[in-house]
Structure formats: C-alpha cells, structure tokens
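Reading through the structure tokens given below for one structure.
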Amino acid sequence: MWRLSLGAFGLAFSITTTAAYLPPLLGRFTDSKTLIALVLGSEGIFALTLPLVIGPWSDTFHTPLGRRRPFMLAALGPMGFCLALMAFMPSLWTTALIVLAFFFAYYVYEPPYRGLYPDLLPASVYGRAQGIQHIMRGVALGLALVGGGFLFHVWNAAPFLVAAFATTLACGAAIVLVREDVAGTRRAFEGVRSYLSRSWWILREERDVRRFLVANAAWEGTFAAARTFVVLYITRGLGEPLTTSSLVLTTVAGGYVVAAIGAGRVGDRFGLAKVIWAASFVYGFGLLGGGLATEWHDWYYACIFPVAVAGGCVMTLAWGLLFKLMPPEHRGAISGLATWTKGFGLIIGPIVVGGAIDIFGPYLQATDGYQLLWPLCGIPILLAIPLVASLVKNEPRGMSAPPHV
C-alpha cells in the first residue's frame, strides 16, 4: 500500500506545483486572466479524452512488465521533462505547449496507476489503501504549496525543478517497487473506437458503476469549484486578509488528514459505501450552511473542521468503493471513466459557480455573490446521497484476496 501510494505523492506534487505557480509564471507574458485560465483549464480536456482510451488499453496490453506499468513508464520521462522546462520557456505559447504536453503525460500515467490498486491489493484493505494514498497526497500538497512558495520567491524556476525531481523519483518508485502478474505478452491495441465503445457499454450495462460515476462527478465538481473560489470568497466576499484564508485552508487540510488516517479502517470494517453515505450528510449540509455567512467570525473554524473531516472521508473512500464495484476484466476502463468524471468536474464545477456569482452578485452585495459558492457545492453532495445509499447493499464484502487477473 505504501509503495503504491508513492505514485499519488508524485502526481499530487506535480499538479499542485503547476496549479499554484504557473499563473504568476504566465503573468510575465500576459495580463489576460482569460488566457491564463485557458492554459490551466486545458487539463480538463485531457481528463475528458485520454482516460477513455488509455484505461481500457491498459486492460489488454500484456507485456513482461505487466499491463499497467508500461503506460506509467512511458509517461514518466515526459512528466519530469515538461516540469523541468516549464519555467524556462521564452513566451506564452511555448510555455502553453509544454503545459499541454505535461497534462497529456499526466493523464497517460493516472488511469493505469489507479488500475493497479484492485489488481494488486485485496478488497479487505481498499479503504486503508486509499487512506494511505490521501496521506501521501496531503504531504505532497503541503510540501508543494509551502516549500514551493519559499522557493518561488528565491528563484521562479526552483519549484518546477524540485517538482520534476520529486515527481520522477516518486512516480518512478511506484513503477519499480511493485510487481504485476504477467499473463502472456499480447500487446493488443483494439483501436480508439473499440475502447470508446467499451466505455459506453460499461456505462450502459454496469448499473452500480454508473451510479458511482454520477456521484463521483458531483464530488469532483464540488471539490473543483471550492478549490477555485474559496480564497476569493474569504478575501473579496468577506473582506478578510490572506492570513484568514490561509488559516481556513490549514483547518481544511487538517480535517482531510484526520479523515485520511481514520476513514480507511472504519470503512473497511463497516463498509465504504456506508461511511461515505453517513459523511455526505455532514459534508452536504455543512456546505449549505456556509452560504448563510456574510461576515467572518473566528468560531467558524470549529464548524469548518468537522465538515472538512466529512468531506475528506468522502474523497478518501470514493476510489476504494469503485474498486469493489469493478468487474476484474474492466478495471483499467473503469479507472479511465472515473478519471473522466474528474475532468467533467474540473470544467463544469467552476464554470457553474463562477457564472452564478457573476449573475447574482449585484443582488447579494454583502459578499458580491460569493456566498453562493457553498450552496452550489452542497447541493450536488446531497443529491448524490441516494446514489450512494443504493450502493450500500451492493458493496461486495468479505473478499480477502484480489480476484484472479
């Protein structure tokens, strides 16, 4: 579990560094916030397309190295190379091309990496495995944000060079330190149309997977919208300084760490779907309540922490639940579909919330419309609760070993 989680550390370090320090880097070339947003938002395009091919392809790509790791190995060099060059490009367009290449490699690596979990681990530890993964992601996020901030002030290229080294080392270790079962050496590529058709067939025929994917789109859209606008809500909507937003984010991060440490064991004991279902009430109604605030009070920290723990439980256990619902022969394809819902959330969540703030801002002058962020984030979480409830009774229990590959 710890060896596999190294891949999550590398991916989180790379994407956090890019999201946090690419905008000021692009600011050297343009004052247009729209252009900067388009470059960063291009991640969603790759998340909506590549996983639908790479995921099912990794189900059929049998090599002496295994099925998943050849794709991860092919993506490893380009990820590190693009990160290392990102800060040295001479113009907006060359920087954008390097960023696009990075996103391409990132989404070649991620779906097969996700598929390794159900391939190599028994279902009885899926919750704990995801907890360990989220601990590593949290550590990577903290190091990239805090350490990267200091490095960026010293030298603009430093965070990207460190990210290139850390990503290559961690994601490479996940390839080297795990072993896949080798079943033949048939390197089949059935064609893009075939893989897209298979993904569509899975959506149509696998009812539980389909329900999970709809819920996952709601979770990812909420997360993407909150991540995009939370600092603006605090600084512009409530008129608080950046120190307040930093403390809020620290509180949220603390809640996610607590969830990552404890949710896995609880989920493995009582059922992942059941824990997600219960946590969703606290998460959803907590977000709804956030829409009532029009000025800041320090006692809000006490309310934010349990909501962050609940949200962390949902996000920590989600993939573990999906692993239990996957037919063994379609693990890569379904991992690709789940990554596709992440891309959907990256695009739709911020657009819906941003549009609502622009439209209703004149009518909610106390916060310039930013208080709409929280109800619009809470509603999808609550709407997903019936879908999760339907999965509680269908979650496989008692499996002690991974199905034969």
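In the structure tokens, each chain is lettered A, B, ... as it comes, each chain's residues begin at 1, and ligands are numbered from 1 in order of appearance.
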
If you run DSSP on this backbone, which residues of range 143-314 of chain A come out as alpha helix (DSSP H), and could you give them as number ranges by chain?
A: 148-154, 158-176, 192-205, 207-232, 242-270, 272-290, 300-314

With C-alpha atoms retained, export the selected residues as a compact mmCIF listing (two decimals), in the first residue's frame.
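Now in result.txt:
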# COMPACT_ATOMS: atom_id res chain seq x y z
CA GLY A 148 7.23 25.94 -3.31
CA GLY A 149 6.22 29.38 -2.07
CA PHE A 150 9.60 29.97 -0.44
CA LEU A 151 11.44 28.57 -3.47
CA PHE A 152 9.44 30.70 -5.91
CA HIS A 153 10.49 33.90 -4.15
CA VAL A 154 14.13 32.84 -4.35
CA ALA A 158 13.01 26.37 -8.39
CA PRO A 159 9.53 24.94 -7.57
CA PHE A 160 9.27 23.38 -11.03
CA LEU A 161 12.75 21.84 -10.88
CA VAL A 162 12.03 20.39 -7.43
CA ALA A 163 8.66 19.11 -8.70
CA ALA A 164 10.36 17.49 -11.70
CA PHE A 165 12.78 15.67 -9.40
CA ALA A 166 10.16 14.67 -6.80
CA THR A 167 7.63 13.53 -9.42
CA THR A 168 10.14 11.48 -11.37
CA LEU A 169 11.50 9.87 -8.21
CA ALA A 170 8.15 9.10 -6.56
CA CYS A 171 6.23 8.04 -9.68
CA GLY A 172 9.26 6.04 -10.83
CA ALA A 173 9.48 4.28 -7.47
CA ALA A 174 5.84 3.22 -7.81
CA ILE A 175 6.80 1.51 -11.07
CA VAL A 176 9.98 -0.14 -9.78
CA VAL A 192 -9.82 4.12 -30.30
CA ARG A 193 -13.36 3.40 -31.49
CA SER A 194 -13.32 -0.01 -29.81
CA TYR A 195 -12.18 1.44 -26.48
CA LEU A 196 -14.74 4.24 -26.61
CA SER A 197 -17.44 1.69 -27.40
CA ARG A 198 -16.33 -0.41 -24.45
CA SER A 199 -16.53 2.57 -22.12
CA TRP A 200 -20.03 3.32 -23.39
CA TRP A 201 -21.03 -0.33 -22.93
CA ILE A 202 -19.79 -0.26 -19.32
CA LEU A 203 -21.79 2.90 -18.65
CA ARG A 204 -24.89 1.26 -20.09
CA GLU A 205 -24.60 -2.22 -18.58
CA ARG A 207 -25.57 -0.12 -13.15
CA ASP A 208 -23.61 0.21 -9.91
CA VAL A 209 -20.58 1.62 -11.70
CA ARG A 210 -22.82 4.11 -13.50
CA ARG A 211 -24.35 5.27 -10.22
CA PHE A 212 -20.92 5.69 -8.69
CA LEU A 213 -19.67 7.70 -11.66
CA VAL A 214 -22.60 10.12 -11.41
CA ALA A 215 -21.88 10.57 -7.70
CA ASN A 216 -18.18 10.98 -8.42
CA ALA A 217 -18.92 13.74 -10.93
CA ALA A 218 -20.80 15.58 -8.16
CA TRP A 219 -17.94 15.12 -5.68
CA GLU A 220 -15.25 16.19 -8.14
CA GLY A 221 -17.26 19.18 -9.37
CA THR A 222 -17.78 20.35 -5.80
CA PHE A 223 -14.10 19.96 -4.98
CA ALA A 224 -13.00 21.81 -8.12
CA ALA A 225 -15.41 24.71 -7.52
CA ALA A 226 -14.47 25.07 -3.85
CA ARG A 227 -10.75 24.94 -4.66
CA THR A 228 -11.17 27.63 -7.30
CA PHE A 229 -13.21 30.17 -5.32
CA VAL A 230 -12.59 29.60 -1.59
CA VAL A 231 -9.79 32.19 -1.31
CA LEU A 232 -11.81 34.75 -3.29
CA LEU A 242 -4.99 36.38 3.18
CA THR A 243 -3.94 35.21 6.63
CA THR A 244 -7.56 34.23 7.33
CA SER A 245 -7.80 32.25 4.11
CA SER A 246 -4.51 30.52 4.96
CA LEU A 247 -5.85 29.52 8.38
CA VAL A 248 -9.08 28.27 6.81
CA LEU A 249 -7.13 26.17 4.31
CA THR A 250 -4.96 24.85 7.13
CA THR A 251 -8.10 23.83 9.03
CA VAL A 252 -9.48 22.11 5.95
CA ALA A 253 -6.17 20.33 5.35
CA GLY A 254 -6.16 19.18 8.97
CA GLY A 255 -9.64 17.73 8.57
CA TYR A 256 -8.61 15.90 5.42
CA VAL A 257 -5.56 14.42 7.17
CA VAL A 258 -7.71 13.19 10.07
CA ALA A 259 -10.08 11.62 7.55
CA ALA A 260 -7.21 10.01 5.63
CA ILE A 261 -5.84 8.46 8.82
CA GLY A 262 -9.11 7.13 10.23
CA ALA A 263 -11.63 6.72 7.43
CA GLY A 264 -9.92 3.75 5.79
CA ARG A 265 -10.05 1.45 8.80
CA VAL A 266 -13.61 2.47 9.63
CA GLY A 267 -14.67 1.92 6.02
CA ASP A 268 -13.02 -1.49 5.78
CA ARG A 269 -14.83 -2.55 8.94
CA PHE A 270 -18.32 -1.16 8.36
CA LEU A 272 -17.04 2.01 2.40
CA ALA A 273 -20.41 3.00 0.94
CA LYS A 274 -21.99 3.18 4.39
CA VAL A 275 -19.29 5.55 5.70
CA ILE A 276 -19.48 7.72 2.54
CA TRP A 277 -23.27 7.84 2.91
CA ALA A 278 -23.11 8.97 6.54
CA ALA A 279 -20.33 11.50 5.93
CA SER A 280 -22.21 13.01 2.98
CA PHE A 281 -24.92 14.39 5.27
CA VAL A 282 -22.39 16.34 7.35
CA TYR A 283 -20.48 17.37 4.23
CA GLY A 284 -23.52 18.48 2.20
CA PHE A 285 -25.46 20.27 4.93
CA GLY A 286 -22.26 21.86 6.22
CA LEU A 287 -21.60 23.37 2.80
CA LEU A 288 -25.20 24.57 2.57
CA GLY A 289 -24.82 26.32 5.92
CA GLY A 290 -21.74 28.14 4.66
CA TYR A 300 -16.35 29.35 12.15
CA TYR A 301 -13.16 27.29 12.46
CA ALA A 302 -14.99 24.92 14.82
CA CYS A 303 -17.68 24.41 12.16
CA ILE A 304 -15.27 24.08 9.25
CA PHE A 305 -13.21 21.28 10.78
CA PRO A 306 -15.92 18.56 11.06
CA VAL A 307 -17.20 19.43 7.59
CA ALA A 308 -13.64 19.05 6.28
CA VAL A 309 -13.35 15.67 8.02
CA ALA A 310 -16.61 14.55 6.42
CA GLY A 311 -15.53 15.78 3.01
CA GLY A 312 -12.20 14.06 3.48
CA CYS A 313 -13.98 10.78 4.27
CA VAL A 314 -15.96 11.00 1.04

Proximity of range 298-399 of chain A to range 61-82 of chain A: per-residue shortest pair, 12 Å limit, only C-alpha atoms, as a tab-separated table:
residue	atom	partner	partner_atom	distance
A:Glu329	CA	A:Arg67	CA	11.9
A:Arg331	CA	A:Arg68	CA	10.5
A:Gly332	CA	A:Arg68	CA	8.2
A:Ala333	CA	A:Arg68	CA	11.5
A:Ser335	CA	A:Arg68	CA	11.5

Which residues are close to Ala12 in chain A, i.e. within 10 Å by only C-alpha atoms, leaving aside same-chain residues fewer than 2 positions away? Reply as an NGL selection string.
:A and (6-10 or 14-18 or 134 or 136-142 or 144 or 163 or 167)

Could you give me, as a PyMOL selection string, the residues within 7 Å of Leu337 in chain A, counting only C-alpha atoms and dropping anything in the same chain fewer than 4 positions from it?
chain A and resi 51-52+333+341

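With CA of Gly378 in chain A on one side and CA of Lys324 in chain A on the other, the separation reads 26.3 Å.
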
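Going from CA of Leu100 in chain A over to CA of Leu145 in chain A, you cover 21.6 Å.
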
Need to verify the contact set: Phe323 in chain A, 9 Å, only C-alpha atoms, exclusion of same-chain residues closer than 3 positions in sequence. Can you return it as a list in words?
Gly115, Tyr117, Pro118, Ala123, Tyr126, Ala318, Trp319, Gly320, Met326, Pro327, Arg331, Ile334 and Ser335 of chain A

Residue nearest Pro241 in chain A - candidates A:Thr316, A:Pro56, A:Ala105, A:Trp296, atoms counted: only C-alpha atoms:
A:Trp296

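One finds CA of Ile45 in chain A at 9.5 Å from CA of Phe104 in chain A.
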